Every structure is written in C-alpha cells, then in structure tokens.
$ cat upload-v5.txt   # compact mmCIF, C-alpha atoms and all ligand atoms
# COMPACT_ATOMS: atom_id res chain seq x y z
CA MET P 29 0.00 0.00 0.00
CA GLU P 30 1.44 3.35 -1.01
CA SER P 31 -0.61 5.25 1.54
CA GLU P 32 0.72 5.71 5.07
CA ALA P 33 -2.78 5.27 6.49
CA SER P 34 -4.02 1.92 7.77
CA VAL P 35 -6.44 -0.02 5.60
CA ILE P 36 -9.87 1.58 5.42
CA ILE P 37 -12.99 -0.56 5.62
CA ALA P 38 -16.02 1.65 5.03
CA GLY P 39 -19.62 0.51 5.12
CA ASN P 40 -22.36 2.38 3.28
CA TRP P 41 -25.73 1.43 4.69
CA LYS P 42 -27.66 3.37 2.02
CA MET P 43 -31.39 3.57 2.97
CA TYR P 44 -31.34 0.74 5.50
CA LYS P 45 -31.57 0.46 9.29
CA THR P 46 -33.66 2.16 11.93
CA ASN P 47 -31.96 3.77 14.93
CA ILE P 48 -32.45 0.72 17.14
CA GLU P 49 -30.95 -1.52 14.46
CA ALA P 50 -28.04 0.87 13.90
CA VAL P 51 -27.12 1.19 17.58
CA ASP P 52 -27.37 -2.57 18.15
CA PHE P 53 -25.12 -3.26 15.12
CA ILE P 54 -22.49 -0.71 16.22
CA ARG P 55 -22.39 -1.99 19.80
CA LYS P 56 -21.83 -5.58 18.60
CA LEU P 57 -19.37 -4.61 15.86
CA GLY P 58 -17.37 -2.50 18.33
CA GLU P 59 -16.94 -5.53 20.58
CA LYS P 60 -15.88 -7.76 17.69
CA ILE P 61 -13.27 -5.44 16.19
CA ALA P 62 -11.66 -4.17 19.37
CA PRO P 63 -8.11 -5.24 18.41
CA THR P 64 -8.20 -4.24 14.73
CA LYS P 65 -5.91 -1.59 13.31
CA ALA P 66 -8.14 -0.99 10.30
CA GLN P 67 -9.99 2.29 10.06
CA VAL P 68 -13.65 1.29 10.21
CA LEU P 69 -16.09 3.84 8.84
CA LEU P 70 -19.87 3.55 8.70
CA ALA P 71 -22.01 5.87 6.58
CA VAL P 72 -25.45 5.62 8.15
CA PRO P 73 -28.80 7.26 7.28
CA PHE P 74 -29.13 10.91 8.43
CA THR P 75 -31.64 9.92 11.11
CA ALA P 76 -29.21 7.45 12.70
CA ILE P 77 -26.09 9.67 12.79
CA ALA P 78 -26.55 11.05 16.32
CA PRO P 79 -27.39 7.78 18.11
CA ALA P 80 -24.81 5.88 16.03
CA ALA P 81 -22.07 8.41 16.82
CA LYS P 82 -22.92 8.25 20.53
CA GLU P 83 -22.74 4.45 20.49
CA ALA P 84 -19.46 4.53 18.55
CA GLU P 85 -17.74 6.82 21.06
CA GLY P 86 -14.60 5.17 22.40
CA SER P 87 -14.70 2.44 19.73
CA LEU P 88 -12.68 2.15 16.53
CA ILE P 89 -15.73 2.99 14.41
CA GLU P 90 -16.21 6.43 12.83
CA ILE P 91 -19.70 7.48 11.82
CA GLY P 92 -20.45 9.52 8.73
CA ALA P 93 -23.18 10.57 6.31
CA GLN P 94 -24.04 9.53 2.77
CA ASN P 95 -24.80 12.95 1.34
CA MET P 96 -25.19 16.66 2.16
CA ASN P 97 -26.06 19.97 0.54
CA ASP P 98 -23.44 22.38 -0.71
CA ALA P 99 -24.91 25.45 1.00
CA SER P 100 -23.92 26.50 4.49
CA GLU P 101 -27.62 26.79 5.40
CA GLY P 102 -30.75 28.17 3.79
CA ALA P 103 -34.24 27.58 2.44
CA PHE P 104 -33.62 24.17 0.89
CA THR P 105 -36.47 21.97 2.06
CA GLY P 106 -35.41 18.45 2.85
CA GLU P 107 -31.68 19.12 2.61
CA VAL P 108 -29.01 18.72 5.30
CA ALA P 109 -25.97 20.99 5.79
CA ALA P 110 -22.41 19.94 6.63
CA LYS P 111 -22.46 21.73 9.98
CA MET P 112 -25.62 19.79 10.93
CA LEU P 113 -23.85 16.52 10.16
CA ILE P 114 -20.91 17.57 12.32
CA ASP P 115 -23.29 18.67 15.06
CA ALA P 116 -24.89 15.20 14.97
CA GLY P 117 -21.49 13.52 15.30
CA ALA P 118 -20.52 12.75 11.69
CA LYS P 119 -16.81 12.74 10.93
CA PHE P 120 -17.05 12.19 7.17
CA VAL P 121 -19.45 12.27 4.25
CA ILE P 122 -19.73 10.22 1.06
CA LEU P 123 -20.09 12.48 -1.99
CA GLY P 124 -20.62 11.72 -5.67
CA HIS P 125 -21.99 8.22 -5.18
CA SER P 126 -23.32 6.84 -8.48
CA GLU P 127 -26.78 6.42 -6.95
CA ARG P 128 -26.82 10.17 -6.23
CA ARG P 129 -25.61 10.90 -9.77
CA ARG P 130 -28.13 8.54 -11.36
CA TYR P 131 -31.32 8.93 -9.31
CA PHE P 132 -30.92 12.56 -8.21
CA ASN P 133 -29.18 13.96 -11.28
CA GLU P 134 -26.14 15.19 -9.38
CA ASP P 135 -23.44 16.44 -11.72
CA ASP P 136 -19.72 16.98 -11.17
CA ALA P 137 -20.13 20.74 -10.63
CA PHE P 138 -22.62 20.20 -7.79
CA ILE P 139 -20.46 17.46 -6.29
CA ASN P 140 -17.47 19.80 -6.47
CA ARG P 141 -19.33 22.47 -4.49
CA LYS P 142 -20.28 19.88 -1.88
CA VAL P 143 -16.68 18.61 -1.63
CA LYS P 144 -15.42 22.14 -1.00
CA ARG P 145 -18.16 22.85 1.53
CA ALA P 146 -17.55 19.60 3.43
CA LEU P 147 -13.80 20.19 3.64
CA LYS P 148 -14.28 23.82 4.65
CA GLU P 149 -16.60 22.84 7.49
CA GLY P 150 -14.22 20.10 8.68
CA LEU P 151 -15.71 16.86 7.36
CA LYS P 152 -13.53 14.23 5.72
CA VAL P 153 -14.81 13.27 2.27
CA ILE P 154 -15.13 9.96 0.49
CA LEU P 155 -15.41 11.04 -3.14
CA CYS P 156 -16.86 8.36 -5.43
CA VAL P 157 -15.89 8.09 -9.09
CA GLY P 158 -16.41 5.36 -11.64
CA GLU P 159 -17.43 4.46 -15.14
CA SER P 160 -20.53 2.70 -16.50
CA LEU P 161 -20.36 -0.65 -18.28
CA SER P 162 -20.79 0.92 -21.72
CA GLU P 163 -18.01 3.40 -20.95
CA ARG P 164 -15.66 0.59 -19.90
CA GLU P 165 -16.55 -1.43 -22.99
CA ALA P 166 -15.84 1.62 -25.15
CA GLU P 167 -12.43 1.91 -23.39
CA LYS P 168 -13.39 5.29 -21.98
CA THR P 169 -12.65 4.49 -18.33
CA GLU P 170 -9.59 6.73 -18.11
CA GLU P 171 -11.33 9.63 -19.83
CA ILE P 172 -14.37 9.35 -17.53
CA LEU P 173 -12.23 9.15 -14.40
CA GLN P 174 -10.16 12.10 -15.54
CA ASN P 175 -13.24 14.22 -16.21
CA GLN P 176 -14.86 13.31 -12.89
CA LEU P 177 -11.71 13.85 -10.82
CA LYS P 178 -10.74 17.12 -12.45
CA ALA P 179 -14.24 18.55 -12.12
CA CYS P 180 -14.98 17.27 -8.61
CA LEU P 181 -11.61 18.40 -7.26
CA ASP P 182 -11.58 21.80 -8.95
CA GLY P 183 -10.36 24.33 -6.38
CA VAL P 184 -9.52 21.67 -3.78
CA SER P 185 -6.09 22.56 -2.44
CA GLU P 186 -3.03 20.41 -1.91
CA ASN P 187 -3.66 20.69 1.82
CA ASP P 188 -7.35 19.76 1.60
CA ILE P 189 -6.78 16.69 -0.56
CA LYS P 190 -5.22 15.09 2.53
CA HIS P 191 -8.69 14.95 4.07
CA LEU P 192 -10.18 13.17 1.10
CA ILE P 193 -10.45 9.49 0.21
CA ILE P 194 -11.18 8.49 -3.39
CA ALA P 195 -13.59 5.58 -3.80
CA TYR P 196 -13.38 3.88 -7.18
CA GLU P 197 -16.80 2.40 -7.78
CA PRO P 198 -17.41 1.11 -11.30
CA VAL P 199 -21.15 1.57 -11.74
CA TRP P 200 -21.52 -1.88 -13.29
CA ALA P 201 -20.14 -3.54 -10.14
CA ILE P 202 -22.44 -1.88 -7.60
CA GLY P 203 -25.04 -4.20 -6.14
CA THR P 204 -24.80 -6.50 -9.15
CA GLY P 205 -22.56 -9.27 -7.81
CA LEU P 206 -20.27 -8.49 -10.78
CA ASN P 207 -17.26 -7.28 -8.83
CA ALA P 208 -14.29 -5.90 -10.76
CA THR P 209 -11.37 -8.28 -10.24
CA ALA P 210 -8.51 -7.22 -7.98
CA PRO P 211 -6.02 -6.84 -10.89
CA VAL P 212 -8.50 -4.66 -12.82
CA VAL P 213 -9.07 -2.48 -9.74
CA GLU P 214 -5.33 -2.24 -9.03
CA GLU P 215 -4.69 -1.11 -12.60
CA THR P 216 -7.50 1.45 -12.40
CA HIS P 217 -6.26 2.79 -9.06
CA LEU P 218 -2.88 3.38 -10.69
CA VAL P 219 -4.66 5.34 -13.41
CA ILE P 220 -6.43 7.39 -10.72
CA ARG P 221 -3.09 8.10 -9.01
CA GLN P 222 -1.64 9.22 -12.36
CA ILE P 223 -4.58 11.58 -12.87
CA LEU P 224 -4.15 12.95 -9.34
CA ALA P 225 -0.45 13.48 -10.08
CA THR P 226 -1.44 15.96 -12.80
CA LEU P 227 -3.29 17.97 -10.15
CA TYR P 228 -1.16 17.60 -7.00
CA SER P 229 2.43 16.97 -5.96
CA GLU P 230 3.76 13.43 -6.07
CA GLU P 231 4.36 13.45 -2.33
CA VAL P 232 0.72 14.26 -1.57
CA VAL P 233 -0.67 11.89 -4.20
CA LYS P 234 1.19 8.96 -2.63
CA LYS P 235 -0.67 9.59 0.61
CA VAL P 236 -4.18 9.78 -0.86
CA SER P 237 -6.12 6.63 -0.01
CA ILE P 238 -7.95 5.04 -2.93
CA ILE P 239 -10.53 2.45 -1.94
CA TYR P 240 -12.68 0.12 -4.04
CA GLY P 241 -16.44 -0.44 -3.92
CA GLY P 242 -18.66 -2.76 -5.90
CA SER P 243 -20.01 -6.16 -4.77
CA VAL P 244 -17.31 -6.62 -2.11
CA LYS P 245 -17.93 -9.78 -0.07
CA PRO P 246 -15.88 -11.70 2.51
CA ALA P 247 -14.82 -14.11 -0.24
CA ASN P 248 -13.23 -11.42 -2.43
CA ALA P 249 -12.19 -8.76 0.12
CA GLN P 250 -8.72 -10.09 0.85
CA ALA P 251 -7.67 -10.14 -2.82
CA TYR P 252 -8.27 -6.39 -3.04
CA ILE P 253 -6.48 -5.52 0.17
CA ASP P 254 -3.44 -7.51 -0.91
CA GLU P 255 -2.94 -5.19 -3.91
CA PRO P 256 -0.47 -2.34 -3.29
CA ASN P 257 -2.70 0.47 -4.59
CA ILE P 258 -5.99 -0.66 -3.08
CA ASP P 259 -6.04 1.08 0.28
CA GLY P 260 -9.39 -0.16 1.47
CA LEU P 261 -12.96 -1.03 0.60
CA LEU P 262 -16.34 0.69 0.39
CA VAL P 263 -18.88 -2.00 1.17
CA GLY P 264 -22.59 -1.64 0.44
CA GLY P 265 -24.83 -4.71 0.79
CA ALA P 266 -22.27 -6.75 2.72
CA SER P 267 -22.01 -4.05 5.40
CA LEU P 268 -25.61 -4.57 6.49
CA ASP P 269 -25.11 -7.96 8.08
CA LEU P 270 -22.97 -7.96 11.22
CA ASP P 271 -21.24 -11.31 10.67
CA THR P 272 -20.60 -10.62 6.99
CA PHE P 273 -19.15 -7.15 7.62
CA ASP P 274 -17.13 -8.45 10.56
CA GLN P 275 -15.54 -11.06 8.29
CA ILE P 276 -14.40 -8.28 5.94
CA VAL P 277 -13.08 -6.12 8.80
CA ASN P 278 -11.63 -9.13 10.56
CA TYR P 279 -9.21 -9.85 7.73
CA GLN P 280 -7.43 -6.74 8.96
CA HIS P 281 -7.60 -8.00 12.51
CA HIS P 282 -5.55 -11.03 11.48
CA ALA P 283 -3.30 -9.02 9.19
CA ASN P 284 -2.35 -6.52 11.88
CA THR P 285 -2.14 -8.53 15.05
O1 LIG P 301 -21.20 2.43 -1.53
C1 LIG P 301 -21.14 1.23 -1.77
C2 LIG P 301 -21.25 0.74 -3.12
O2 LIG P 301 -22.33 1.29 -3.77
C3 LIG P 301 -21.15 -0.75 -3.27
O3 LIG P 301 -22.37 -1.39 -3.00
P1 LIG P 301 -22.41 -3.00 -3.02
O4 LIG P 301 -21.31 -3.47 -2.13
O5 LIG P 301 -23.76 -3.36 -2.52
O6 LIG P 301 -22.16 -3.40 -4.45

$ encode --input "upload-v5.txt" --output "structure tokens" --more "lines below"
Ligand SMILES: O=C[C@H](O)COP(=O)(O)O
Amino acid sequence: MESEASVIIAGNWKMYKTNIEAVDFIRKLGEKIAPTKAQVLLAVPFTAIAPAAKEAEGSLIEIGAQNMNDASEGAFTGEVAAKMLIDAGAKFVILGHSERRRYFNEDDAFINRKVKRALKEGLKVILCVGESLSEREAEKTEEILQNQLKACLDGVSENDIKHLIIAYEPVWAIGTGLNATAPVVEETHLVIRQILATLYSEEVVKKVSIIYGGSVKPANAQAYIDEPNIDGLLVGGASLDLDTFDQIVNYQHHANT
C-alpha cells in the first residue's frame, strides 16, 4: 500500500436500518473489532447519525453521512448541511456516489461544491468516481475518471486533498454481484493516481487513499487488500449484516495482530 494510512474498511448502509438496528449493530461490531488496526467507517442514514455516533464513542468505528447539501444553510427543504452533520457527530461524508448521480441527477459541478463545503466545514470526504459498463466497454474508463476527478476536485487545495479518500466504484459492479477483479481495480487505481499526479504533488498523491467499492464480499475482500494500490474497501450490501461485515473487517484483525 502506497498510503501511510491503515487499511480503510467503510460501510455504506444506504437507505437501510432504523436507529435501534443501527445502535445494536455498532455496539456488537465495536466488541468484535476491538483489536483491529483498520480504520472502520460507517455511513449511516441521516436519522441514525446522532445515536450511532454516541454508540461509537470510544470504539474504533467512525460514523459519517451519505450525502449533504453544498450550501452553508438556507431555504432548501429536505436538505441537510455539513455543519448539521458535524453537530450530529458525523466525521465524514460520502459524496458523488453513483446512486446520487443517477437517481438525483447530481453532476460533477454540484459534487465539487459539496466537496469544497464539506472540507471547509471540517468533514472528511469519500469522493466516489467510476465508469458505467458501456463506458468501460468503449475503453473510456480513463477519460471518464479524468473528467470526474478534475471537475470534482476543482479548487480543492493540496492541503485539503489530505482529508479526502477516493472511492473507485465502477457503476456496473455496484449491487450487481459483478465485482471488478482485484487486478483490474489495481490497474485502475494506478490510473487514478496518475490523474491525481497531474493535479497535485507526487508526495501528496502517494498519501491519498484510494478504496474500491462494488459487490465486495468476505470471499473477495482479501484479494483487493493484498494489492499495493488498493487502500481499502467501500462496502454496500455486505455491510448490512454484522457477521458478513465483521468477516471483511476481521481480515485486517488477522493481518495486523
Ligand atoms: O457504496 C457502496 C457501493 O455502492 C457498493 O455497494 P455493493 O457493495 O452493494 O455493491
């Protein structure tokens, strides 16, 4: 792993789990992963952030959000601001997820404004990028990643990029069971690092964590982590079940103890 940070295992619960379910999961997961050196992040629904963050206090789990608005505050019915997430106990936010791009028409310019707002207010950011199946088949992956990264990181300084994790999530691998193989992901992460190197100094780029998301399961998790440029995982469906997620986190337990 090029990055100096420990391996990141992030769960994205999407629109699942009530507060009682969230708190129960975090209490049990905290007990299971006590000796791990992995960074364990959980992006929970807005409604569960406060109770989840309270339950996670003193554990190795960091709680975050799955989205936010780019404005500091204002008349935006139904939206949530970065400072509200921080107030509730969130330490990070996922931005640019393909489900936000696809179902809520979020474009790179909007995502860029959110990235800058989140970093300004003090939230770490997991910025998602990735190509569709037709784009990969047309050999446009590099072009798509370049466009997304350049646009989403426009105006993000060398200092701020340190508080950002890139999540490579090929759209065709999300929730489909069709995970991208570890060698394909490794190769793509190298491409992402090369693109970042056109925007930031080599020293900083080496330290940016690039994680993979898309149909990660206990059976395939280790292969990704073993690659030098895959610094962690963003896990959707498999983060919802305690035993399944623990198996993914627990690989790091064995690797680091
Ligand atoms: O944020 C997580 C990704 O969308 C991956 O979801 P998945 O593991 O269910 O494919």

$ atom_distance --input "upload-v5.txt" --atom1 "atom CA of Thr169 of chain P" --atom2 "atom CA of Val157 of chain P"
10.4 Å

$ closest_atom_pairs --input "upload-v5.txt" --of "segment 137-225 of chain P" --to "segment 60-70 of chain P" --cutoff "12 Å" --atoms "all atoms listed in the file" --output "CSV"
residue,atom,partner,partner_atom,distance
P:Lys152,CA,P:Leu69,CA,11.1
P:Val153,CA,P:Leu69,CA,11.6
P:Ile154,CA,P:Leu69,CA,10.4
P:Ile193,CA,P:Leu69,CA,11.8

$ atom_distance --input "upload-v5.txt" --atom1 "atom CA of Val263 of chain P" --atom2 "atom CA of Trp41 of chain P"
8.4 Å

$ closest_residue --input "upload-v5.txt" --among "P:Asn175, P:Asn95, P:Thr46, P:Asn187" --to "ligand LIG 301 (chain P)" --atoms "all atoms listed in the file"
P:Asn95

$ residues_near_ligand --input "upload-v5.txt" --ligand "ligand LIG 301 (chain P)" --cutoff "10 Å" --atoms "only C-alpha atoms and all ligand atoms" --output "ChimeraX atom specification"
/P:38-42,71,94,122,125-127,154,156,195-207,240-245,261-268

$ atom_distance --input "upload-v5.txt" --atom1 "atom CA of Ala247 of chain P" --atom2 "atom CA of Val212 of chain P"
17.0 Å

$ closest_residue --input "upload-v5.txt" --among "P:Ile77, P:Val108, P:Cys180, P:Val232" --to "Arg141 of chain P" --atoms "only C-alpha atoms"
P:Cys180

$ closest_residue --input "upload-v5.txt" --among "P:Arg164, P:Arg130, P:Lys119, P:His217" --to "Leu192 of chain P" --atoms "all atoms listed in the file"
P:Lys119

$ closest_residue --input "upload-v5.txt" --among "P:Glu214, P:Glu186, P:Glu165, P:Glu134" --to "Lys235 of chain P" --atoms "all atoms listed in the file"
P:Glu186

$ closest_residue --input "upload-v5.txt" --among "P:Leu270, P:Ile114, P:Leu181, P:Ile220" --to "Lys144 of chain P" --atoms "only C-alpha atoms"
P:Leu181

$ residues_around --input "upload-v5.txt" --residues "Lys56 of chain P" --least-positions-apart "6" --cutoff "12 Å" --atoms "only C-alpha atoms" --output "list in words"
Glu49, Ala50, Ala62, Glu83, Ala84, Ser87, Ile89, Asp269, Leu270, Asp271, Phe273 and Asp274 of chain P
